[in-house]
$ cat coords-v4.txt   # compact mmCIF, C-alpha atoms
# COMPACT_ATOMS: atom_id res chain seq x y z
CA MET O 27 95.61 -10.10 -57.80
CA SER O 28 99.11 -9.53 -59.07
CA GLU O 29 100.57 -6.75 -61.16
CA THR O 30 102.83 -8.85 -63.34
CA THR O 31 101.48 -9.69 -66.75
CA ALA O 32 100.48 -13.15 -67.78
CA VAL O 33 102.91 -15.20 -69.81
CA LYS O 34 101.62 -15.21 -73.34
CA LYS O 35 100.91 -18.61 -74.74
CA ASN O 36 100.07 -19.59 -78.26
CA ASP O 37 97.13 -21.85 -78.89
CA SER O 38 98.67 -25.25 -79.06
CA GLY O 39 97.62 -28.23 -81.08
CA MET O 40 95.72 -31.19 -79.73
CA ALA O 41 98.79 -33.42 -79.77
CA LYS O 42 100.73 -31.04 -77.58
CA LEU O 43 97.84 -30.76 -75.11
CA THR O 44 97.57 -34.51 -74.86
CA ILE O 45 101.27 -35.08 -74.47
CA THR O 46 101.65 -32.38 -71.81
CA LEU O 47 98.75 -33.65 -69.77
CA PHE O 48 99.97 -37.20 -70.12
CA ALA O 49 103.48 -36.28 -69.04
CA ILE O 50 102.22 -34.42 -65.97
CA CYS O 51 99.88 -37.26 -65.01
CA ALA O 52 102.65 -39.82 -65.49
CA ALA O 53 105.06 -37.82 -63.32
CA CYS O 54 102.40 -37.43 -60.63
CA ALA O 55 101.59 -41.13 -60.76
CA LEU O 56 105.26 -41.89 -60.25
CA VAL O 57 105.42 -39.58 -57.22
CA LEU O 58 102.29 -41.17 -55.77
CA GLY O 59 103.65 -44.65 -56.31
CA LEU O 60 106.85 -43.74 -54.50
CA ALA O 61 104.97 -42.11 -51.64
CA ASN O 62 102.75 -45.15 -51.30
CA MET O 63 105.75 -47.44 -51.32
CA LEU O 64 107.47 -45.43 -48.60
CA THR O 65 104.48 -44.93 -46.32
CA GLY O 66 102.56 -48.16 -46.99
CA PRO O 67 104.32 -50.38 -44.42
CA ALA O 68 104.10 -47.71 -41.70
CA ILE O 69 100.38 -47.17 -42.34
CA ALA O 70 99.66 -50.90 -42.28
CA ALA O 71 101.67 -51.27 -39.08
CA ASN O 72 99.75 -48.39 -37.47
CA GLN O 73 96.43 -49.96 -38.36
CA LYS O 74 97.45 -53.40 -37.16
CA ALA O 75 98.80 -52.01 -33.89
CA LYS O 76 95.55 -50.16 -33.37
CA THR O 77 93.39 -53.18 -34.09
CA ASP O 78 95.49 -55.39 -31.83
CA ALA O 79 95.40 -52.83 -29.03
CA ALA O 80 91.64 -52.48 -29.38
CA MET O 81 91.14 -56.26 -29.26
CA ALA O 82 93.36 -56.57 -26.21
CA ALA O 83 91.50 -53.71 -24.51
CA VAL O 84 87.98 -55.07 -24.99
CA LEU O 85 88.68 -58.71 -24.23
CA PRO O 86 92.19 -59.77 -23.23
CA ALA O 87 93.24 -63.17 -24.54
CA ASP O 88 96.42 -65.01 -25.46
CA SER O 89 95.49 -65.35 -29.10
CA TYR O 90 92.89 -64.15 -31.53
CA ASP O 91 91.67 -66.43 -34.30
CA PRO O 92 89.57 -65.06 -37.12
CA VAL O 93 86.12 -66.64 -37.36
CA GLU O 94 84.10 -66.56 -40.54
CA TYR O 95 80.82 -64.73 -40.16
CA THR O 96 78.04 -66.09 -42.34
CA GLY O 97 75.12 -64.03 -41.09
CA ASP O 98 73.46 -61.32 -43.12
CA ASP O 99 74.37 -58.32 -40.94
CA ALA O 100 76.46 -56.26 -43.36
CA THR O 101 77.78 -54.01 -40.60
CA ILE O 102 79.91 -56.81 -39.12
CA LYS O 103 83.49 -56.31 -40.33
CA SER O 104 85.26 -59.17 -38.64
CA ILE O 105 84.95 -61.61 -35.78
CA ASN O 106 87.88 -63.01 -33.84
CA LYS O 107 87.68 -65.75 -31.26
CA ALA O 108 89.50 -64.51 -28.18
CA GLY O 109 90.87 -67.74 -26.74
CA ASP O 110 88.17 -69.34 -24.57
CA ALA O 111 86.92 -66.02 -23.23
CA GLY O 112 84.54 -65.16 -26.04
CA TYR O 113 84.58 -63.15 -29.24
CA VAL O 114 85.87 -59.82 -30.41
CA VAL O 115 83.64 -58.30 -33.05
CA GLU O 116 84.52 -55.35 -35.25
CA VAL O 117 81.41 -53.60 -36.43
CA ALA O 118 80.64 -50.47 -38.45
CA PRO O 119 77.18 -49.43 -37.26
CA PRO O 120 74.98 -47.35 -39.55
CA GLY O 121 73.69 -43.98 -38.42
CA SER O 122 76.95 -42.43 -37.26
CA PHE O 123 77.15 -38.66 -37.57
CA SER O 124 79.84 -38.45 -40.25
CA GLY O 125 81.96 -40.91 -42.18
CA THR O 126 82.34 -44.49 -41.12
CA LEU O 127 82.41 -45.33 -37.45
CA THR O 128 84.08 -48.60 -36.62
CA ILE O 129 83.99 -50.07 -33.13
CA MET O 130 85.53 -53.13 -31.57
CA VAL O 131 83.25 -54.95 -29.16
CA GLY O 132 84.29 -57.71 -26.81
CA VAL O 133 81.56 -60.25 -26.11
CA ALA O 134 81.97 -62.96 -23.46
CA ASN O 135 80.67 -66.46 -24.09
CA ASP O 136 77.49 -65.74 -22.12
CA GLY O 137 76.69 -62.68 -24.25
CA THR O 138 77.92 -60.09 -21.76
CA VAL O 139 79.69 -57.11 -23.30
CA THR O 140 83.24 -56.94 -21.95
CA GLY O 141 84.29 -53.69 -23.50
CA VAL O 142 84.04 -51.28 -26.41
CA GLU O 143 86.78 -49.46 -28.31
CA ILE O 144 86.45 -46.99 -31.15
CA THR O 145 88.81 -48.08 -33.92
CA LYS O 146 87.88 -45.66 -36.66
CA THR O 147 85.93 -42.47 -36.37
CA ALA O 148 85.19 -39.35 -38.37
CA GLU O 149 82.79 -37.97 -35.75
CA THR O 150 82.97 -34.31 -34.79
CA SER O 151 86.11 -33.54 -32.85
CA GLY O 152 85.16 -32.47 -29.33
CA LEU O 153 81.67 -33.99 -29.54
CA GLY O 154 81.08 -37.35 -31.19
CA ALA O 155 84.80 -38.10 -31.06
CA ASN O 156 84.40 -38.23 -27.27
CA ALA O 157 82.87 -41.68 -27.77
CA GLY O 158 86.43 -42.94 -27.33
CA LYS O 159 86.66 -41.48 -23.81
CA PRO O 160 86.34 -43.82 -20.81
CA GLN O 161 83.30 -42.01 -19.32
CA PHE O 162 81.28 -43.15 -22.30
CA LYS O 163 82.75 -46.42 -23.50
CA ASP O 164 83.24 -47.92 -20.03
CA GLN O 165 79.47 -47.91 -19.57
CA PHE O 166 79.25 -50.86 -21.93
CA ALA O 167 81.50 -53.15 -19.92
CA GLY O 168 79.42 -55.76 -18.13
CA LEU O 169 76.31 -54.86 -20.07
CA THR O 170 73.80 -57.60 -20.76
CA GLY O 171 70.73 -57.38 -22.93
CA THR O 172 70.10 -54.56 -25.37
CA ALA O 173 72.21 -51.41 -25.32
CA ALA O 174 70.31 -48.14 -25.62
CA VAL O 175 70.83 -44.54 -24.53
CA THR O 176 68.77 -43.25 -21.59
CA LYS O 177 66.74 -41.07 -23.96
CA ASP O 178 65.54 -44.27 -25.64
CA GLY O 179 64.85 -45.99 -22.34
CA GLY O 180 68.21 -47.71 -21.98
CA THR O 181 71.00 -47.43 -19.46
CA ILE O 182 73.74 -45.74 -21.47
CA ASN O 183 74.29 -42.05 -20.78
CA ALA O 184 74.70 -40.43 -24.19
CA ILE O 185 77.66 -38.16 -24.90
CA THR O 186 76.65 -34.53 -24.42
CA GLY O 187 75.78 -33.06 -27.80
CA ALA O 188 76.35 -36.34 -29.61
CA THR O 189 73.23 -38.43 -29.16
CA ILE O 190 73.48 -39.59 -32.77
CA THR O 191 76.97 -41.00 -32.22
CA SER O 192 75.91 -42.57 -28.92
CA ARG O 193 72.96 -44.28 -30.60
CA ALA O 194 75.22 -45.55 -33.39
CA VAL O 195 77.60 -47.08 -30.85
CA CYS O 196 74.67 -48.75 -29.05
CA ALA O 197 73.43 -50.15 -32.36
CA GLY O 198 76.91 -51.45 -33.10
CA VAL O 199 77.13 -53.15 -29.71
CA ASN O 200 73.77 -54.83 -30.26
CA SER O 201 74.82 -56.09 -33.71
CA ALA O 202 78.07 -57.37 -32.27
CA VAL O 203 76.36 -59.29 -29.49
CA ALA O 204 73.93 -60.84 -31.99
CA ALA O 205 76.78 -61.75 -34.35
CA ALA O 206 78.83 -63.30 -31.54
CA ALA O 207 75.82 -65.36 -30.49
CA SER O 208 75.32 -66.56 -34.06
CA VAL O 209 78.87 -67.87 -34.43
CA GLY O 210 79.36 -69.06 -30.86
CA MET H 235 109.42 -9.55 -55.84
CA ASN H 236 108.17 -7.74 -52.80
CA VAL H 237 108.39 -10.03 -49.82
CA LYS H 238 107.01 -7.52 -47.33
CA LYS H 239 103.97 -6.82 -49.46
CA GLN H 240 103.40 -10.55 -49.95
CA PHE H 241 103.64 -11.03 -46.21
CA MET H 242 101.08 -8.34 -45.46
CA ASP H 243 98.83 -9.63 -48.27
CA GLY H 244 98.95 -13.19 -47.02
CA LEU H 245 98.26 -12.36 -43.43
CA ILE H 246 96.02 -9.31 -43.68
CA HIS H 247 95.12 -7.53 -46.91
CA GLN H 248 94.58 -10.65 -49.01
CA ASN H 249 94.10 -13.13 -46.18
CA PRO H 250 92.79 -16.29 -47.85
CA VAL H 251 90.08 -16.84 -45.25
CA THR H 252 88.90 -13.47 -44.04
CA VAL H 253 89.35 -11.38 -47.19
CA GLN H 254 89.33 -13.78 -50.13
CA LEU H 255 86.80 -15.99 -48.33
CA LEU H 256 88.32 -19.18 -49.74
CA GLY H 257 88.39 -22.63 -48.20
CA MET H 258 85.51 -21.94 -45.83
CA CYS H 259 84.47 -25.58 -45.57
CA SER H 260 87.55 -26.78 -43.76
CA VAL H 261 87.73 -23.59 -41.70
CA LEU H 262 84.23 -24.11 -40.33
CA ALA H 263 84.49 -27.85 -39.93
CA ILE H 264 87.78 -28.56 -38.21
CA THR H 265 88.32 -25.57 -35.94
CA THR H 266 87.12 -27.27 -32.78
CA THR H 267 90.44 -27.97 -31.08
CA LEU H 268 93.85 -26.30 -31.27
CA PHE H 269 95.50 -29.55 -32.37
CA ASN H 270 93.26 -29.74 -35.43
CA GLY H 271 93.78 -26.09 -36.30
CA ILE H 272 97.56 -26.25 -36.22
CA GLY H 273 97.65 -29.59 -38.04
CA MET H 274 95.28 -28.51 -40.79
CA GLY H 275 96.96 -25.12 -41.15
CA LEU H 276 100.41 -26.61 -41.53
CA SER H 277 99.17 -29.30 -43.94
CA VAL H 278 97.66 -26.62 -46.16
CA LEU H 279 100.80 -24.51 -45.85
CA VAL H 280 103.01 -27.39 -47.01
CA ILE H 281 100.69 -28.44 -49.84
CA LEU H 282 100.15 -24.85 -50.98
CA THR H 283 103.87 -24.09 -51.04
CA LEU H 284 104.76 -27.29 -52.91
CA SER H 285 101.99 -26.92 -55.47
CA ASN H 286 102.81 -23.22 -55.93
CA ILE H 287 106.45 -24.04 -56.63
CA PHE H 288 105.67 -26.78 -59.12
CA ILE H 289 102.89 -24.98 -60.93
CA SER H 290 104.98 -21.88 -61.23
CA ALA H 291 107.93 -23.94 -62.51
CA LEU H 292 105.69 -25.63 -65.08
CA ARG H 293 103.79 -22.48 -66.06
CA LYS H 294 105.55 -22.13 -69.41
CA VAL H 295 105.07 -25.78 -70.27
CA ILE H 296 101.39 -26.03 -69.36
CA PRO H 297 99.18 -24.99 -72.29
CA ASN H 298 96.50 -22.47 -71.40
CA LYS H 299 93.62 -24.71 -72.48
CA ILE H 300 94.34 -27.52 -70.08
CA ARG H 301 95.83 -25.54 -67.22
CA ILE H 302 93.06 -26.28 -64.70
CA ALA H 303 93.34 -30.03 -65.32
CA CYS H 304 97.10 -29.84 -64.85
CA PHE H 305 96.76 -27.77 -61.66
CA ILE H 306 94.35 -30.23 -60.15
CA VAL H 307 96.56 -33.21 -60.96
CA VAL H 308 99.57 -31.53 -59.35
CA ILE H 309 97.56 -30.41 -56.31
CA ALA H 310 95.92 -33.81 -55.85
CA THR H 311 99.32 -35.46 -55.96
CA PHE H 312 100.71 -33.32 -53.16
CA VAL H 313 97.56 -33.68 -51.09
CA THR H 314 97.74 -37.45 -51.37
CA VAL H 315 101.42 -37.48 -50.47
CA VAL H 316 100.75 -35.36 -47.37
CA ASP H 317 97.73 -37.51 -46.50
CA LEU H 318 99.81 -40.70 -46.70
CA ALA H 319 102.65 -39.14 -44.73
CA LEU H 320 100.26 -38.06 -41.95
CA GLN H 321 98.65 -41.49 -41.82
CA ALA H 322 102.06 -43.11 -41.58
CA TYR H 323 103.84 -40.80 -39.15
CA LEU H 324 101.12 -38.77 -37.36
CA PRO H 325 98.18 -41.19 -37.20
CA ASP H 326 96.48 -39.25 -34.38
CA LEU H 327 96.32 -36.10 -36.44
CA ALA H 328 95.28 -37.96 -39.58
CA GLU H 329 92.42 -39.52 -37.66
CA SER H 330 91.35 -36.26 -36.11
CA LEU H 331 91.25 -34.39 -39.42
CA GLY H 332 89.77 -37.38 -41.23
CA LEU H 333 88.24 -36.51 -44.56
CA PHE H 334 89.41 -32.90 -44.51
CA ILE H 335 92.95 -33.75 -45.60
CA PRO H 336 91.86 -35.43 -48.87
CA LEU H 337 89.41 -32.55 -49.31
CA ILE H 338 92.29 -30.06 -49.47
CA VAL H 339 92.35 -31.04 -53.16
CA VAL H 340 89.22 -28.99 -53.70
CA ASN H 341 90.21 -26.26 -51.25
CA CYS H 342 89.84 -23.13 -53.34
CA ILE H 343 92.83 -21.45 -51.71
CA ILE H 344 95.21 -23.77 -53.51
CA LEU H 345 93.59 -23.68 -56.92
CA GLY H 346 92.98 -19.96 -56.47
CA ARG H 347 96.66 -19.22 -55.85
CA ALA H 348 97.70 -21.53 -58.70
CA GLU H 349 95.44 -19.72 -61.14
CA GLY H 350 95.73 -16.22 -59.72
CA PHE H 351 99.38 -16.06 -58.76
CA CYS H 352 101.66 -18.93 -59.76
CA TYR H 353 100.60 -19.04 -63.38
CA LYS H 354 101.86 -15.47 -63.75
CA ASN H 355 104.81 -15.30 -61.36
CA GLY H 356 108.21 -16.85 -60.88
CA VAL H 357 109.12 -19.83 -58.75
CA ALA H 358 110.63 -17.87 -55.84
CA ALA H 359 107.72 -15.43 -55.62
CA SER H 360 105.25 -18.33 -55.77
CA ALA H 361 107.04 -20.20 -53.01
CA VAL H 362 106.96 -17.10 -50.80
CA ASP H 363 103.30 -16.61 -51.68
CA GLY H 364 102.53 -20.20 -50.70
CA VAL H 365 104.21 -19.79 -47.33
CA PHE H 366 102.50 -16.50 -46.48
CA GLN H 367 99.07 -17.47 -47.77
CA GLY H 368 99.40 -20.71 -45.85
CA LEU H 369 100.41 -18.76 -42.76
CA GLY H 370 97.41 -16.45 -43.16
CA TYR H 371 95.15 -19.48 -43.30
CA THR H 372 96.85 -21.09 -40.31
CA VAL H 373 96.61 -17.96 -38.17
CA VAL H 374 92.88 -17.61 -38.79
CA LEU H 375 92.38 -21.32 -38.05
CA ILE H 376 94.27 -21.02 -34.77
CA VAL H 377 92.32 -17.92 -33.70
CA MET H 378 89.05 -19.69 -34.49
CA CYS H 379 90.13 -22.85 -32.71
CA VAL H 380 91.09 -20.95 -29.56
CA ILE H 381 87.81 -19.00 -29.49
CA ARG H 382 85.57 -21.97 -30.23
CA GLU H 383 87.37 -24.33 -27.92
CA PHE H 384 87.23 -21.82 -25.06
CA LEU H 385 83.56 -20.93 -25.52
CA GLY H 386 82.42 -24.39 -26.61
CA GLY H 387 84.36 -26.58 -24.22
CA GLY H 388 85.94 -24.23 -21.69
CA THR H 389 89.43 -25.54 -22.45
CA PHE H 390 92.58 -24.34 -24.19
CA GLY H 391 95.02 -26.32 -26.30
CA THR H 392 93.29 -29.71 -26.55
CA GLY H 393 95.71 -32.18 -28.07
CA VAL H 394 98.62 -29.76 -27.84
CA LEU H 395 98.80 -29.28 -24.07
CA GLY H 396 97.74 -32.74 -22.95
CA PRO H 397 94.91 -34.83 -24.39
CA ASP H 398 92.18 -32.76 -22.74
CA GLY H 399 93.89 -29.39 -22.81
CA VAL H 400 93.91 -26.90 -19.97
CA ARG H 401 90.52 -26.32 -18.41
CA ILE H 402 89.75 -22.64 -17.98
CA LEU H 403 85.99 -22.67 -17.47
CA PRO H 404 84.13 -25.39 -15.58
CA SER H 405 82.53 -27.66 -18.14
CA HIS H 406 78.95 -26.67 -17.26
CA PHE H 407 79.66 -23.06 -18.31
CA ALA H 408 80.63 -24.14 -21.81
CA ALA H 409 78.27 -23.16 -24.63
CA LEU H 410 78.11 -26.35 -26.62
CA GLY H 411 76.77 -24.60 -29.71
CA MET H 412 80.14 -22.95 -30.25
CA ALA H 413 81.72 -26.33 -30.94
CA LEU H 414 78.91 -27.21 -33.36
CA PRO H 415 78.80 -25.89 -36.94
CA VAL H 416 76.71 -22.88 -35.91
CA GLY H 417 79.55 -21.74 -33.66
CA GLY H 418 81.90 -21.94 -36.62
CA PHE H 419 79.73 -19.56 -38.64
CA LEU H 420 79.35 -17.15 -35.73
CA THR H 421 83.07 -17.11 -34.92
CA LEU H 422 84.10 -16.66 -38.54
CA ALA H 423 81.59 -13.84 -39.04
CA VAL H 424 82.85 -12.01 -35.95
CA ILE H 425 86.49 -12.41 -37.01
CA ILE H 426 85.77 -11.12 -40.50
CA ALA H 427 83.75 -8.20 -39.13
CA VAL H 428 86.45 -7.19 -36.64
CA MET H 429 89.13 -7.44 -39.30
CA GLN H 430 87.15 -5.41 -41.82
CA TYR H 431 86.50 -2.77 -39.16
CA PHE H 432 90.19 -2.29 -38.50
CA LEU H 433 91.13 -2.51 -42.19
CA ASN H 434 88.62 0.21 -43.09
CA LYS H 435 89.22 2.44 -40.08
CA PRO H 436 92.22 4.36 -41.47
CA LYS H 437 90.37 5.04 -44.72
CA LYS H 438 87.35 6.46 -42.90
CA ALA H 439 89.52 8.66 -40.72
CA GLU H 440 91.17 10.09 -43.82
CA LYS H 441 87.83 10.77 -45.41
CA LYS H 442 86.57 12.57 -42.33
CA GLU H 443 89.63 14.78 -42.31
CA GLU H 444 89.07 15.66 -45.92
CA VAL H 445 85.46 16.53 -45.22
CA ALA H 446 86.52 18.68 -42.25
CA LYS H 447 88.87 20.65 -44.45

$ encode --input "coords-v4.txt" --output "C-alpha cells"
Amino acid sequence: MSETTAVKKNDSGMAKLTITLFAICAACALVLGLANMLTGPAIAANQKAKTDAAMAAVLPADSYDPVEYTGDDATIKSINKAGDAGYVVEVAPPGSFSGTLTIMVGVANDGTVTGVEITKTAETSGLGANAGKPQFKDQFAGLTGTAAVTKDGGTINAITGATITSRAVCAGVNSAVAAAASVG
Amino acid sequence: MNVKKQFMDGLIHQNPVTVQLLGMCSVLAITTTLFNGIGMGLSVLVILTLSNIFISALRKVIPNKIRIACFIVVIATFVTVVDLALQAYLPDLAESLGLFIPLIVVNCIILGRAEGFCYKNGVAASAVDGVFQGLGYTVVLIVMCVIREFLGGGTFGTGVLGPDGVRILPSHFAALGMALPVGGFLTLAVIIAVMQYFLNKPKKAEKKEEVAK
C-alpha cells in the first residue's frame, strides 16, 4: 500500500520477544487502569441515575428497598419494594433480538402492571430499540393478566418490524408479575 | 510525506470501506441513524489515529515475530479507553452503539493500517493516515446512514436533529427493509458500484480515445 520500504529487523531472541511483549502489555494495563479510575465513578453514577429514573417512572414511591428474590426464575435481576405501592422488578427476558435486554417493570400490590421502562438494550437501532418509546411501553400500564402481542392473541401491539423484541418484553413483564407475586 | 495523496487515498482511492472493503460488519450493522453513523465514525477515527501514532512510534522496538500481538494489545487498549469514555460522558451514544464499540478491536481497518502503513512509516505520516482513513470511513457511514434512514424510516438526522429526526416521508411510505440488515447490504453495494463507476470512468475514456486514434 505504501512505497516506503519496511524497516529491517533482525530476528530477535526469545528473551527480547518476551520482554517487549511484557513491557507493552504492562504499559497498556497501566493506561487501562488509569482510564478505569477516571471514568469509573461517572459510569456508575450514570447507571444508578438511569436505574433510579426507571424505577421512579414505572412506579413512583418515596423509597425503594431491595427485596431478596428466592424463586428459580433466573431472568429476575432485582426486586425493590416501592413503599406501599407494590414492587419494582428488573428483569432480563430471554429471546431478545440481540445482546441482553433489561427492563424495569412496576407491579402494584394487586398484580397490575404500572409501567415498563427499558433499562438496557442492544436491540436494532430504529426497530427493536423503539421498545423504549411511549407508543409501545405505555401499553403495559394498567395491564392485568398475561401480556402477549396481538399476533399471539394478546393485547399488546408489537413494534413494527420488531416482533421478537416485543415478545421478549411481554415475556419479561410476565416474569416480573410472577416474581412480584411470589415475594409479595 | 504526501498529505494530499494521503487525503485522496483515505477518502477515495483507498477508502477503507468502499475500496479496501474493511470493517464491513460495523458498517452494515450500525448505519441505521445519523447519530450512530457520526458517533461510530468519530470513535473509529480517534482510535485509528491514536493506535497509528503509537504503533508507528513503537515500530522499531516491536520485533517482527510478535508484531500482530503487540498491535492488538495497543489497539484493544485504545478501544477500551474510548469505550469507557463514551460510557462515562456520552451514555446515550454508548448505549446506541452497544457492542460495536468493543468490536472495533477486531475492525480490520485498524489492524490493516497498523500492519500495512504504520509499521513502515513515520509517526507524522501515520497520524495523518489515521485521520484521513478515519474520515473516509466516517463519510461512507454518514452517506449510508442518510440513505438508509430516509428510505427505511422516512426521516433525516435521528438523534442529531431531535430525538426522532426530521420527518421527510410519511411513515407509511418507509421501506422497513432498508433499516434491516438487507438494506445495509443493498445500500453498501450501490455505493460501491457508483464509486467504482466514477473511479473507472476516466480510464475508460482514455482507452476509447486511444482506440479511436

$ closest_atom_pairs --input "coords-v4.txt" --of "chain H" --to "chain O" --cutoff "6 Å" --atoms "only C-alpha atoms" --output "tab-separated table"
residue	atom	partner	partner_atom	distance
H:Thr311	CA	O:Cys54	CA	5.9
H:Val315	CA	O:Ala61	CA	6.0
H:Gln321	CA	O:Ile69	CA	6.0
H:Ala322	CA	O:Ile69	CA	4.5
H:Gly332	CA	O:Ala148	CA	5.7
H:Lys354	CA	O:Ala32	CA	4.9

$ closest_residue --input "coords-v4.txt" --among "H:Ala409, H:Ile281, H:Val424, H:Val373" --to "Ile246 (chain H)" --atoms "all atoms listed in the file"
H:Val373

$ residues_around --input "coords-v4.txt" --residues "Val139 (chain O)" --least-positions-apart "2" --cutoff "12 Å" --atoms "all atoms listed in the file" --output "number ranges by chain"
O: 84-85, 111-115, 130-137, 141-143, 163-173, 196, 198-204, 206-207

$ closest_residue --input "coords-v4.txt" --among "H:Leu324, H:Val253, H:Ala303, H:Ala358" --to "Ala427 (chain H)" --atoms "only C-alpha atoms"
H:Val253

$ atom_distance --input "coords-v4.txt" --atom1 "CA of Arg193 (chain O)" --atom2 "CA of Asp99 (chain O)"
17.5 Å

$ closest_residue --input "coords-v4.txt" --among "H:Leu345, H:Val374, H:Ile287, H:Ile309" --to "Ala361 (chain H)" --atoms "only C-alpha atoms"
H:Ile287

$ closest_residue --input "coords-v4.txt" --among "O:Ala184, O:Ile190, O:Gln161, O:Met63" --to "Pro120 (chain O)" --atoms "only C-alpha atoms"
O:Ile190

$ atom_distance --input "coords-v4.txt" --atom1 "CA of Ile344 (chain H)" --atom2 "CA of Ile300 (chain H)"
17.0 Å

$ residues_around --input "coords-v4.txt" --residues "Gln367 (chain H)" --least-positions-apart "6" --cutoff "12 Å" --atoms "only C-alpha atoms" --output "number ranges by chain"
H: 239-254, 256-257, 275-276, 278-283, 286, 343-344, 346-348, 351, 359-361, 373-374

$ decode --input "coords-v4.txt" --residues "region 276-333 of chain H" --atoms "C-alpha atoms" --output "PDB file, in the first residue's frame"
ATOM      1  CA  LEU H 276     -15.599   9.537  15.037  1.00  0.00           C
ATOM      2  CA  SER H 277     -14.848   6.752  17.535  1.00  0.00           C
ATOM      3  CA  VAL H 278     -13.020   4.810  14.833  1.00  0.00           C
ATOM      4  CA  LEU H 279     -11.237   7.969  13.695  1.00  0.00           C
ATOM      5  CA  VAL H 280      -9.948   8.665  17.206  1.00  0.00           C
ATOM      6  CA  ILE H 281      -8.934   5.060  17.893  1.00  0.00           C
ATOM      7  CA  LEU H 282      -7.324   4.669  14.473  1.00  0.00           C
ATOM      8  CA  THR H 283      -5.304   7.864  14.828  1.00  0.00           C
ATOM      9  CA  LEU H 284      -4.119   7.029  18.358  1.00  0.00           C
ATOM     10  CA  SER H 285      -3.200   3.445  17.526  1.00  0.00           C
ATOM     11  CA  ASN H 286      -1.474   4.566  14.301  1.00  0.00           C
ATOM     12  CA  ILE H 287       0.641   7.068  16.218  1.00  0.00           C
ATOM     13  CA  PHE H 288       1.666   4.604  18.908  1.00  0.00           C
ATOM     14  CA  ILE H 289       2.314   1.676  16.619  1.00  0.00           C
ATOM     15  CA  SER H 290       4.364   3.821  14.317  1.00  0.00           C
ATOM     16  CA  ALA H 291       6.321   5.214  17.274  1.00  0.00           C
ATOM     17  CA  LEU H 292       6.980   1.700  18.557  1.00  0.00           C
ATOM     18  CA  ARG H 293       7.699   0.176  15.146  1.00  0.00           C
ATOM     19  CA  LYS H 294      11.447  -0.063  15.729  1.00  0.00           C
ATOM     20  CA  VAL H 295      11.007  -1.584  19.167  1.00  0.00           C
ATOM     21  CA  ILE H 296       8.426  -4.204  18.234  1.00  0.00           C
ATOM     22  CA  PRO H 297      10.093  -7.394  16.973  1.00  0.00           C
ATOM     23  CA  ASN H 298       8.714  -8.686  13.695  1.00  0.00           C
ATOM     24  CA  LYS H 299       7.674 -12.060  15.132  1.00  0.00           C
ATOM     25  CA  ILE H 300       5.284 -10.708  17.707  1.00  0.00           C
ATOM     26  CA  ARG H 301       4.090  -7.597  15.902  1.00  0.00           C
ATOM     27  CA  ILE H 302       0.465  -8.710  15.495  1.00  0.00           C
ATOM     28  CA  ALA H 303       0.165  -9.488  19.207  1.00  0.00           C
ATOM     29  CA  CYS H 304       1.616  -6.082  20.051  1.00  0.00           C
ATOM     30  CA  PHE H 305      -0.700  -4.305  17.591  1.00  0.00           C
ATOM     31  CA  ILE H 306      -3.753  -5.963  19.048  1.00  0.00           C
ATOM     32  CA  VAL H 307      -2.775  -5.102  22.614  1.00  0.00           C
ATOM     33  CA  VAL H 308      -2.264  -1.452  21.684  1.00  0.00           C
ATOM     34  CA  ILE H 309      -5.499  -1.311  19.663  1.00  0.00           C
ATOM     35  CA  ALA H 310      -7.531  -3.054  22.366  1.00  0.00           C
ATOM     36  CA  THR H 311      -6.235  -0.588  24.920  1.00  0.00           C
ATOM     37  CA  PHE H 312      -7.381   2.435  22.942  1.00  0.00           C
ATOM     38  CA  VAL H 313     -10.724   0.843  22.121  1.00  0.00           C
ATOM     39  CA  THR H 314     -11.358   0.158  25.788  1.00  0.00           C
ATOM     40  CA  VAL H 315     -10.364   3.679  26.760  1.00  0.00           C
ATOM     41  CA  VAL H 316     -12.755   5.149  24.174  1.00  0.00           C
ATOM     42  CA  ASP H 317     -15.476   2.705  25.235  1.00  0.00           C
ATOM     43  CA  LEU H 318     -15.124   3.739  28.889  1.00  0.00           C
ATOM     44  CA  ALA H 319     -15.033   7.419  27.982  1.00  0.00           C
ATOM     45  CA  LEU H 320     -18.227   7.098  25.922  1.00  0.00           C
ATOM     46  CA  GLN H 321     -19.986   5.209  28.700  1.00  0.00           C
ATOM     47  CA  ALA H 322     -18.968   7.864  31.191  1.00  0.00           C
ATOM     48  CA  TYR H 323     -19.571  11.041  29.204  1.00  0.00           C
ATOM     49  CA  LEU H 324     -21.858  10.104  26.271  1.00  0.00           C
ATOM     50  CA  PRO H 325     -24.020   7.304  27.706  1.00  0.00           C
ATOM     51  CA  ASP H 326     -26.704   7.726  25.022  1.00  0.00           C
ATOM     52  CA  LEU H 327     -24.247   7.095  22.240  1.00  0.00           C
ATOM     53  CA  ALA H 328     -22.574   4.233  24.103  1.00  0.00           C
ATOM     54  CA  GLU H 329     -25.956   2.582  24.514  1.00  0.00           C
ATOM     55  CA  SER H 330     -26.938   3.108  20.918  1.00  0.00           C
ATOM     56  CA  LEU H 331     -23.725   1.621  19.533  1.00  0.00           C
ATOM     57  CA  GLY H 332     -23.673  -1.100  22.166  1.00  0.00           C
ATOM     58  CA  LEU H 333     -21.381  -3.965  21.313  1.00  0.00           C
TER      59      LEU H 333
END
